[in-house]
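Colleague: Take this structure, written in structure tokens, and hold onto it; I'll ask about it next.
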Amino acid sequence: MNTERKQPLDQDALEKIRQQFDHSPYPRIALETSPKDDYDTLYIHSLVTSYYLKHRRVIETTGKVILDAGCGSGYKSLILAEANPGAKIVGIDLSEKSVELAEKRLKHHGFDNAVFYAMSIYDLPQLNLQFDYINCDEVLYLLPDPLAGLQAMKAVLKPEGLIRTNLHNAYQRSMFYRAQNLFKLMGLMDNIPQEMEEEAVFETMKSLKPGVKLRQEAWGSEYNSSEMTEDRRKELLYSNHLLVGDKGFTIPDMFALLHQSKLELVSMVNWRQWDVTELFQKPDDLPALWAMGLERATIEEKLRLYELLNPMHRLMDFWCGHPSEAAETIPSTGKLLRIEDWSDTDWQGAIVHLHPQLRIEAVKEKLLDCINRMAPFEISRFIPLPALKPIYLESTSAACLLPLWESAQPIQALAERFLQMRPVNPATLEPLTITDAFDSVKQLLDRLEPFLYVLLEY
């Protein structure tokens, strides 16, 4: 992929994208639909999540300024507002029709601290604003110049700020690129696709024999379902077969863009689903060549191996920010060490936070029910994204965490609570010490922190 910026920017390509989304705003989600119960999505869009991954500190979202770059019809802007209480939301989109829908959506849900502009990502510096967080979802792969888009976002990103963006996976979507090339050859994408082109695609795919490769791979059973609504059919066609400007990328392409824009990868958004060791039948007993190679491999090499072995992700969805060297020059209250590098003194002074998307009444009620029934508590039930399988806590351990639903707690306070609940060793009936209780709480937190269910500072 050639990521060198071309001058001038292709205004004709931008205009075609604008016209497509004026004709068919995305996503097609009803105005009244609320994301309040979609805890996985709120977890992703919470600034707390990515900020902790980058800086190992817990941030307060009140007063922060968040950009939704390519806001579309505003559903992601609404998610950002719900996930980041007290933040100001700024949305931009090429499509004036989309901006109007986004404004209406946020007002409908009672968010007044939000403003929207019809403009290009390339023109972001004209806003004269600096952002704590930028969400650029399902946009970068459409831009005529993705590098210029990343550079424009970097120019308005605060020194400790984070960008969440994504690129279409060239391997996973290869069938849709074949479909797009077919429909370009048929002249269906010469102009902005509309009803006539929609019908031509639908009739073409439906009339192919079931064994034809393109139909097998790019035309699932959902398309032919009698339950499919007209809105859903349009959304699928315009986000796959007739998506103007759509381009595919690989992991090397992604890192090339980051390198050229002088941004640093923080993490894949669904980082647990990019673990190459989990592709093996025995992750803890890899073939010798793999065990030795992965021990020395960079994060780019590990992600590249994953995409070659198992290109299952439609999006290469990632967080990035200014290089670490810049972040380390900012006065900070904590060190940027991961907990596996903590000393005993660090652990003794730790403050424990519950992730804000778990600190809700529905989760607390489920926890109390499990405690009362002395049943295991499935902490991953509400936010399964970072877990590859359900994560259960024994009821006493879960009860130890209960104060976190009220506020952050010193680890010592949790250890004292644990000792009150379990004063003796259940096997030997010998009294436990505060050191025993502290070690048990430490092991529990060490188990939960990789999923960001708990966040630790010192």
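Identifiers for the structure tokens are assigned positionally: chains receive A, B, ... in sequence, residues are indexed from 1 per chain, and ligands are indexed from 1 in the order shown.
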Please provide the set of residues having any atom within 10 Å of Ala152 (chain A), restricted to only C-alpha atoms, with same-chain residues fewer than 5 positions apart removed, written as a PyMOL selection string.

Modeller: chain A and resi 120-125+146-147+157+261

Colleague: What's the separation between CA of Asp436 (chain A) and CA of Met374 (chain A), in Å to one decimal place?

Modeller: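 Distance reported for this atom pair: 21.9 Å.
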
Colleague: If you run DSSP on the backbone here, which positions in region 82-218 of chain A get strand (DSSP E)? Please write them as a PyMOL selection string.

Modeller: chain A and resi 88-93+114-118+131-136+157-168

Colleague: Neighbours of Arg422 (chain A) within 12 Å (only C-alpha atoms; same-chain residues fewer than 5 positions away dropped), as a PDB file with N, CA and C atoms, in the first residue's frame?

Modeller:
```
ATOM      1  N   SER A 395     -17.588 -16.675  46.014  1.00  0.00           N
ATOM      2  CA  SER A 395     -18.448 -15.655  46.627  1.00  0.00           C
ATOM      3  C   SER A 395     -17.729 -14.801  47.665  1.00  0.00           C
ATOM      4  N   THR A 396     -16.833 -15.397  48.470  1.00  0.00           N
ATOM      5  CA  THR A 396     -16.112 -14.595  49.464  1.00  0.00           C
ATOM      6  C   THR A 396     -15.184 -13.596  48.785  1.00  0.00           C
ATOM      7  N   SER A 397     -14.503 -14.040  47.751  1.00  0.00           N
ATOM      8  CA  SER A 397     -13.623 -13.135  47.003  1.00  0.00           C
ATOM      9  C   SER A 397     -14.430 -12.012  46.369  1.00  0.00           C
ATOM     10  N   ALA A 399     -17.301 -10.853  47.417  1.00  0.00           N
ATOM     11  CA  ALA A 399     -17.793  -9.974  48.479  1.00  0.00           C
ATOM     12  C   ALA A 399     -16.716  -9.004  48.944  1.00  0.00           C
ATOM     13  N   CYS A 400     -15.472  -9.429  48.867  1.00  0.00           N
ATOM     14  CA  CYS A 400     -14.360  -8.561  49.232  1.00  0.00           C
ATOM     15  C   CYS A 400     -14.328  -7.293  48.378  1.00  0.00           C
ATOM     16  N   ALA A 415      -8.089  -5.899  52.057  1.00  0.00           N
ATOM     17  CA  ALA A 415      -7.491  -7.017  52.791  1.00  0.00           C
ATOM     18  C   ALA A 415      -8.117  -7.155  54.176  1.00  0.00           C
ATOM     19  N   GLU A 416      -8.357  -6.026  54.845  1.00  0.00           N
ATOM     20  CA  GLU A 416      -8.995  -6.067  56.170  1.00  0.00           C
ATOM     21  C   GLU A 416     -10.412  -6.622  56.058  1.00  0.00           C
ATOM     22  N   ARG A 417     -11.120  -6.260  54.998  1.00  0.00           N
ATOM     23  CA  ARG A 417     -12.476  -6.789  54.790  1.00  0.00           C
ATOM     24  C   ARG A 417     -12.421  -8.302  54.554  1.00  0.00           C
ATOM     25  N   ALA A 427      -9.357 -24.965  55.458  1.00  0.00           N
ATOM     26  CA  ALA A 427      -8.832 -26.341  55.445  1.00  0.00           C
ATOM     27  C   ALA A 427      -8.242 -26.735  56.797  1.00  0.00           C
ATOM     28  N   LEU A 429      -8.356 -24.584  59.691  1.00  0.00           N
ATOM     29  CA  LEU A 429      -9.027 -23.837  60.767  1.00  0.00           C
ATOM     30  C   LEU A 429      -8.052 -22.993  61.594  1.00  0.00           C
ATOM     31  N   GLU A 430      -6.844 -22.817  61.084  1.00  0.00           N
ATOM     32  CA  GLU A 430      -5.901 -21.937  61.764  1.00  0.00           C
ATOM     33  C   GLU A 430      -6.207 -20.481  61.410  1.00  0.00           C
ATOM     34  N   PRO A 431      -6.016 -19.551  62.342  1.00  0.00           N
ATOM     35  CA  PRO A 431      -6.300 -18.128  62.078  1.00  0.00           C
ATOM     36  C   PRO A 431      -5.451 -17.597  60.919  1.00  0.00           C
ATOM     37  N   LEU A 432      -6.081 -16.795  60.086  1.00  0.00           N
ATOM     38  CA  LEU A 432      -5.350 -16.112  59.018  1.00  0.00           C
ATOM     39  C   LEU A 432      -4.791 -14.798  59.549  1.00  0.00           C
ATOM     40  N   THR A 433      -3.681 -14.367  59.010  1.00  0.00           N
ATOM     41  CA  THR A 433      -3.095 -13.078  59.365  1.00  0.00           C
ATOM     42  C   THR A 433      -3.473 -12.043  58.316  1.00  0.00           C
ATOM     43  N   ILE A 434      -3.235 -10.781  58.623  1.00  0.00           N
ATOM     44  CA  ILE A 434      -3.501  -9.722  57.646  1.00  0.00           C
ATOM     45  C   ILE A 434      -2.606  -9.905  56.419  1.00  0.00           C
ATOM     46  N   ASP A 436      -1.746 -12.855  55.170  1.00  0.00           N
ATOM     47  CA  ASP A 436      -2.425 -13.890  54.370  1.00  0.00           C
ATOM     48  C   ASP A 436      -3.563 -13.270  53.561  1.00  0.00           C
ATOM     49  N   ALA A 437      -4.350 -12.419  54.239  1.00  0.00           N
ATOM     50  CA  ALA A 437      -5.485 -11.778  53.568  1.00  0.00           C
ATOM     51  C   ALA A 437      -5.007 -10.870  52.444  1.00  0.00           C
ATOM     52  N   PHE A 438      -3.925 -10.122  52.716  1.00  0.00           N
ATOM     53  CA  PHE A 438      -3.375  -9.227  51.699  1.00  0.00           C
ATOM     54  C   PHE A 438      -2.934 -10.020  50.471  1.00  0.00           C
ATOM     55  N   SER A 440      -4.048 -12.891  49.442  1.00  0.00           N
ATOM     56  CA  SER A 440      -5.228 -13.407  48.737  1.00  0.00           C
ATOM     57  C   SER A 440      -5.864 -12.316  47.877  1.00  0.00           C
ATOM     58  N   VAL A 441      -5.969 -11.108  48.422  1.00  0.00           N
ATOM     59  CA  VAL A 441      -6.545  -9.984  47.660  1.00  0.00           C
ATOM     60  C   VAL A 441      -5.635  -9.618  46.496  1.00  0.00           C
TER      61      VAL A 441
END
```

Colleague: Given the choices A:Ala288, A:Ile163, A:Ala69, A:Leu243, which gets closest to Phe183 (chain A) if the distance is worked out from only C-alpha atoms?

Modeller: A:Leu243

Colleague: I'd like to know which of A:Ile192, A:Leu393, A:Leu129, A:Leu414 is closest to His23 (chain A), using only C-alpha atoms.

Modeller: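 Smallest distance to His23 (chain A) is found for A:Ile192.
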
Colleague: Could you list, as a VMD selection string, every residue within 12 Å of Pro193 (chain A), counting only C-alpha atoms and ignoring same-chain residues fewer than 2 positions away?

Modeller: chain A and resid 16 to 17 19 to 24 180 183 to 184 187 to 191 195 to 201 234 237 to 239 241 to 244

Colleague: Output N, CA, C and O atoms for every residue in the selection just made, as a compact mmCIF listing (two decimals), in the first residue's frame.

Modeller:
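The result, stored in out-v5.txt:
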```txt
# COMPACT_ATOMS: atom_id res chain seq x y z
N LYS A 16 -17.95 12.16 -3.48
CA LYS A 16 -18.73 10.93 -3.67
C LYS A 16 -19.09 10.29 -2.34
O LYS A 16 -20.21 9.79 -2.14
N ILE A 17 -18.14 10.31 -1.39
CA ILE A 17 -18.42 9.77 -0.06
C ILE A 17 -19.51 10.58 0.62
O ILE A 17 -20.44 10.04 1.22
N GLN A 19 -21.88 12.37 -0.75
CA GLN A 19 -23.18 12.13 -1.39
C GLN A 19 -23.75 10.77 -0.98
O GLN A 19 -24.95 10.64 -0.77
N GLN A 20 -22.88 9.75 -0.87
CA GLN A 20 -23.39 8.44 -0.46
C GLN A 20 -24.03 8.50 0.91
O GLN A 20 -25.11 7.94 1.13
N PHE A 21 -23.38 9.18 1.86
CA PHE A 21 -23.91 9.20 3.22
C PHE A 21 -25.02 10.23 3.40
O PHE A 21 -25.78 10.13 4.35
N ASP A 22 -25.12 11.19 2.50
CA ASP A 22 -26.33 12.03 2.48
C ASP A 22 -27.52 11.18 2.04
O ASP A 22 -28.62 11.29 2.57
N HIS A 23 -27.26 10.31 1.05
CA HIS A 23 -28.34 9.45 0.54
C HIS A 23 -28.67 8.34 1.53
O HIS A 23 -29.84 7.99 1.71
N SER A 24 -27.64 7.78 2.18
CA SER A 24 -27.86 6.64 3.06
C SER A 24 -27.05 6.81 4.34
O SER A 24 -25.97 6.24 4.49
N GLN A 180 -17.20 -5.53 -5.01
CA GLN A 180 -17.13 -4.12 -5.42
C GLN A 180 -16.53 -3.98 -6.81
O GLN A 180 -17.00 -3.17 -7.63
N PHE A 183 -19.15 -4.91 -9.37
CA PHE A 183 -20.19 -3.90 -9.58
C PHE A 183 -19.63 -2.61 -10.19
O PHE A 183 -20.35 -1.89 -10.88
N LYS A 184 -18.33 -2.36 -9.98
CA LYS A 184 -17.69 -1.26 -10.70
C LYS A 184 -17.63 -1.58 -12.19
O LYS A 184 -17.89 -0.74 -13.04
N GLY A 187 -20.67 -0.93 -13.92
CA GLY A 187 -21.06 0.48 -13.98
C GLY A 187 -21.95 0.93 -12.84
O GLY A 187 -22.46 2.05 -12.86
N LEU A 188 -22.12 0.08 -11.82
CA LEU A 188 -23.05 0.42 -10.74
C LEU A 188 -22.46 1.39 -9.72
O LEU A 188 -23.18 1.87 -8.85
N MET A 189 -21.14 1.67 -9.84
CA MET A 189 -20.52 2.60 -8.90
C MET A 189 -19.89 3.78 -9.61
O MET A 189 -19.06 4.50 -9.05
N ASP A 190 -20.32 3.99 -10.87
CA ASP A 190 -19.82 5.16 -11.62
C ASP A 190 -20.30 6.45 -10.96
O ASP A 190 -19.58 7.44 -10.90
N ASN A 191 -21.52 6.42 -10.49
CA ASN A 191 -22.10 7.54 -9.76
C ASN A 191 -22.45 7.06 -8.36
O ASN A 191 -22.15 5.93 -7.98
N GLU A 195 -31.27 3.63 -5.47
CA GLU A 195 -32.23 2.53 -5.49
C GLU A 195 -32.03 1.58 -6.67
O GLU A 195 -32.10 0.36 -6.51
N MET A 196 -31.75 2.12 -7.85
CA MET A 196 -31.59 1.27 -9.03
C MET A 196 -30.38 0.33 -8.85
O MET A 196 -30.46 -0.86 -9.14
N GLU A 197 -29.27 0.89 -8.33
CA GLU A 197 -28.07 0.09 -8.12
C GLU A 197 -28.29 -0.94 -7.00
O GLU A 197 -27.81 -2.08 -7.10
N GLU A 198 -28.99 -0.54 -5.95
CA GLU A 198 -29.31 -1.48 -4.88
C GLU A 198 -30.04 -2.70 -5.44
O GLU A 198 -29.69 -3.85 -5.14
N GLU A 199 -31.05 -2.42 -6.24
CA GLU A 199 -31.86 -3.51 -6.79
C GLU A 199 -31.05 -4.39 -7.73
O GLU A 199 -31.20 -5.62 -7.75
N ALA A 200 -30.15 -3.78 -8.50
CA ALA A 200 -29.31 -4.55 -9.43
C ALA A 200 -28.39 -5.50 -8.66
O ALA A 200 -28.22 -6.67 -9.06
N VAL A 201 -27.81 -5.02 -7.55
CA VAL A 201 -26.95 -5.88 -6.73
C VAL A 201 -27.78 -7.01 -6.13
O VAL A 201 -27.38 -8.20 -6.16
N LYS A 234 -30.44 -2.09 3.11
CA LYS A 234 -29.67 -0.96 2.61
C LYS A 234 -28.35 -0.82 3.36
O LYS A 234 -27.29 -0.59 2.76
N LEU A 237 -25.90 -3.51 2.14
CA LEU A 237 -25.42 -3.26 0.78
C LEU A 237 -24.43 -2.10 0.74
O LEU A 237 -23.38 -2.19 0.12
N TYR A 238 -24.78 -0.99 1.45
CA TYR A 238 -23.93 0.20 1.39
C TYR A 238 -22.68 0.08 2.25
O TYR A 238 -21.72 0.83 2.05
N SER A 239 -22.65 -0.83 3.20
CA SER A 239 -21.45 -0.99 4.01
C SER A 239 -20.56 -2.12 3.51
O SER A 239 -19.49 -2.36 4.05
N HIS A 241 -21.15 -4.19 -0.33
CA HIS A 241 -21.07 -4.35 -1.78
C HIS A 241 -20.97 -3.03 -2.54
O HIS A 241 -20.38 -2.98 -3.61
N LEU A 242 -21.55 -1.97 -2.01
CA LEU A 242 -21.59 -0.69 -2.71
C LEU A 242 -20.93 0.42 -1.90
O LEU A 242 -21.32 1.58 -2.00
N LEU A 243 -19.94 0.09 -1.09
CA LEU A 243 -19.31 1.08 -0.21
C LEU A 243 -18.27 1.88 -1.00
O LEU A 243 -17.19 1.37 -1.35
N VAL A 244 -18.58 3.12 -1.26
CA VAL A 244 -17.70 4.00 -2.03
C VAL A 244 -16.44 4.32 -1.23
O VAL A 244 -16.51 4.67 -0.05
```

Colleague: Compare A:Ile391, A:Thr277, A:Asp253, A:Phe176 by their minimum atom-to-atom distance to Asn240 (chain A), counting only C-alpha atoms, and give me the closest one.

Modeller: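 Closest to Asn240 (chain A) of all the choices is A:Phe176.
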
Colleague: If we count only C-alpha atoms and set the cut-off at 10 Å, which residues sit around Lys206 (chain A), ignoring sequence neighbours fewer than 6 positions away in its own chain? Please answer as number ranges by chain.

Modeller: A: 200, 215, 219, 223-224

Colleague: Print the selection's residues with N, CA, C and O atoms to a file, as a PDB file, in the first residue's frame.

Modeller:
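Saved file again.pdb follows:
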```
ATOM      1  N   ALA A 200     -30.148  -3.776  -8.502  1.00  0.00           N
ATOM      2  CA  ALA A 200     -29.311  -4.549  -9.427  1.00  0.00           C
ATOM      3  C   ALA A 200     -28.394  -5.504  -8.663  1.00  0.00           C
ATOM      4  O   ALA A 200     -28.222  -6.672  -9.055  1.00  0.00           O
ATOM      5  N   ARG A 215     -21.316 -15.674  -4.292  1.00  0.00           N
ATOM      6  CA  ARG A 215     -22.553 -15.781  -3.522  1.00  0.00           C
ATOM      7  C   ARG A 215     -22.295 -16.509  -2.201  1.00  0.00           C
ATOM      8  O   ARG A 215     -22.811 -16.102  -1.159  1.00  0.00           O
ATOM      9  N   TRP A 219     -22.685 -13.288   0.386  1.00  0.00           N
ATOM     10  CA  TRP A 219     -24.152 -13.144   0.379  1.00  0.00           C
ATOM     11  C   TRP A 219     -24.728 -14.150   1.376  1.00  0.00           C
ATOM     12  O   TRP A 219     -25.161 -15.237   1.019  1.00  0.00           O
ATOM     13  N   TYR A 223     -29.367 -11.963   3.991  1.00  0.00           N
ATOM     14  CA  TYR A 223     -29.815 -11.131   2.874  1.00  0.00           C
ATOM     15  C   TYR A 223     -31.139 -11.639   2.286  1.00  0.00           C
ATOM     16  O   TYR A 223     -31.926 -10.868   1.755  1.00  0.00           O
ATOM     17  N   ASN A 224     -31.343 -12.955   2.359  1.00  0.00           N
ATOM     18  CA  ASN A 224     -32.530 -13.542   1.755  1.00  0.00           C
ATOM     19  C   ASN A 224     -33.662 -13.775   2.754  1.00  0.00           C
ATOM     20  O   ASN A 224     -34.721 -14.281   2.391  1.00  0.00           O
TER      21      ASN A 224
END
```

Colleague: Enumerate the residues of region 43-193 of chain A with a DSSP assignment of helix (DSSP H, G or I), computed from the backbone, and present them as number ranges by chain.

Modeller: A: 43-45, 47-55, 75-83, 96-108, 121-127, 140-142, 146-155, 174-185

Colleague: For a quick check of understanding, using only C-alpha atoms, which of A:Val276, A:Ile371, A:Leu106, A:Leu448 has the smallest distance to Thr33 (chain A)?

Modeller: A:Leu106

Colleague: Which residues of region 39-156 of chain A have any atom within 12 Å of an atom in region 381-387 of chain A when counting only C-alpha atoms, and what is the closest pair of atoms for each, with the distance in Å to one decimal? Order the rows by chain and rising number and write it as a tab-separated table.

Modeller:
```
residue	atom	partner	partner_atom	distance
A:Tyr39	CA	A:Ile383	CA	5.9
A:Asp40	CA	A:Ile383	CA	4.9
A:Thr41	CA	A:Ile383	CA	8.7
A:Leu42	CA	A:Ile383	CA	9.3
A:Tyr43	CA	A:Ile383	CA	7.4
A:Ile44	CA	A:Leu385	CA	8.9
A:Thr49	CA	A:Pro386	CA	11.3
```

Colleague: At most 7 Å is the cut-off: for each residue in region 51-164 of chain A with any atom that close to an atom of region 318-321 of chain A, write down the nearest atom pair and the distance in Å rounded to one decimal, counting only C-alpha atoms, chain first then increasing number, as a Markdown table.

Modeller:
```
| residue | atom | partner | partner_atom | distance |
| --- | --- | --- | --- | --- |
| A:Gly161 | CA | A:Gly321 | CA | 6.3 |
| A:Leu162 | CA | A:Gly321 | CA | 4.9 |
| A:Ile163 | CA | A:Cys320 | CA | 5.3 |
| A:Arg164 | CA | A:Trp319 | CA | 4.4 |
```

Colleague: Produce a file of the selected residues containing all heavy atoms, as an mmCIF file, in the first residue's frame.

Modeller:
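Written out: out_5.cif:
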```
data_model
loop_
_atom_site.group_PDB
_atom_site.id
_atom_site.type_symbol
_atom_site.label_atom_id
_atom_site.label_comp_id
_atom_site.auth_asym_id
_atom_site.auth_seq_id
_atom_site.Cartn_x
_atom_site.Cartn_y
_atom_site.Cartn_z
ATOM 1 N N GLY A 161 -3.505 12.553 25.024
ATOM 2 C CA GLY A 161 -4.745 12.107 24.404
ATOM 3 C C GLY A 161 -4.619 10.780 23.684
ATOM 4 O O GLY A 161 -3.512 10.292 23.403
ATOM 5 N N LEU A 162 -5.768 10.196 23.370
ATOM 6 C CA LEU A 162 -5.837 8.901 22.686
ATOM 7 C C LEU A 162 -6.726 9.007 21.448
ATOM 8 O O LEU A 162 -7.717 9.744 21.449
ATOM 9 C CB LEU A 162 -6.424 7.830 23.604
ATOM 10 C CG LEU A 162 -5.538 7.152 24.668
ATOM 11 C CD1 LEU A 162 -4.331 6.490 24.028
ATOM 12 C CD2 LEU A 162 -5.117 8.103 25.756
ATOM 13 N N ILE A 163 -6.364 8.259 20.422
ATOM 14 C CA ILE A 163 -7.190 8.116 19.217
ATOM 15 C C ILE A 163 -7.617 6.662 19.119
ATOM 16 O O ILE A 163 -6.796 5.753 19.256
ATOM 17 C CB ILE A 163 -6.401 8.500 17.944
ATOM 18 C CG1 ILE A 163 -5.984 9.973 17.964
ATOM 19 C CG2 ILE A 163 -7.239 8.210 16.693
ATOM 20 C CD1 ILE A 163 -5.026 10.348 16.835
ATOM 21 N N ARG A 164 -8.912 6.437 18.893
ATOM 22 C CA ARG A 164 -9.391 5.094 18.549
ATOM 23 C C ARG A 164 -9.830 5.154 17.087
ATOM 24 O O ARG A 164 -10.664 5.969 16.697
ATOM 25 C CB ARG A 164 -10.569 4.686 19.442
ATOM 26 C CG ARG A 164 -11.145 3.276 19.148
ATOM 27 C CD ARG A 164 -12.299 3.345 18.171
ATOM 28 N NE ARG A 164 -12.821 2.022 17.819
ATOM 29 C CZ ARG A 164 -14.084 1.657 18.008
ATOM 30 N NH1 ARG A 164 -14.954 2.497 18.536
ATOM 31 N NH2 ARG A 164 -14.471 0.457 17.634
#
```

Colleague: Need to verify the contact set: region 75-81 of chain A, 9 Å, only C-alpha atoms, exclusion of same-chain residues closer than 3 positions in sequence. Can you return it as a ChimeraX atom specification?

Modeller: /A:26-29,31,33-36,41-42,45-47,66-68,71-72,84-91,102,105-106,109,111,113-114,135,137

Colleague: Any idea what's packed within 12 Å of Met268 (chain A), counting only C-alpha atoms, ignoring anything in its chain fewer than 5 positions away? Could you give it as a PyMOL selection string?

Modeller: chain A and resi 44+49-50+53-54+163-167+251+254+273-275+299-300+302-303+313+315-320+386
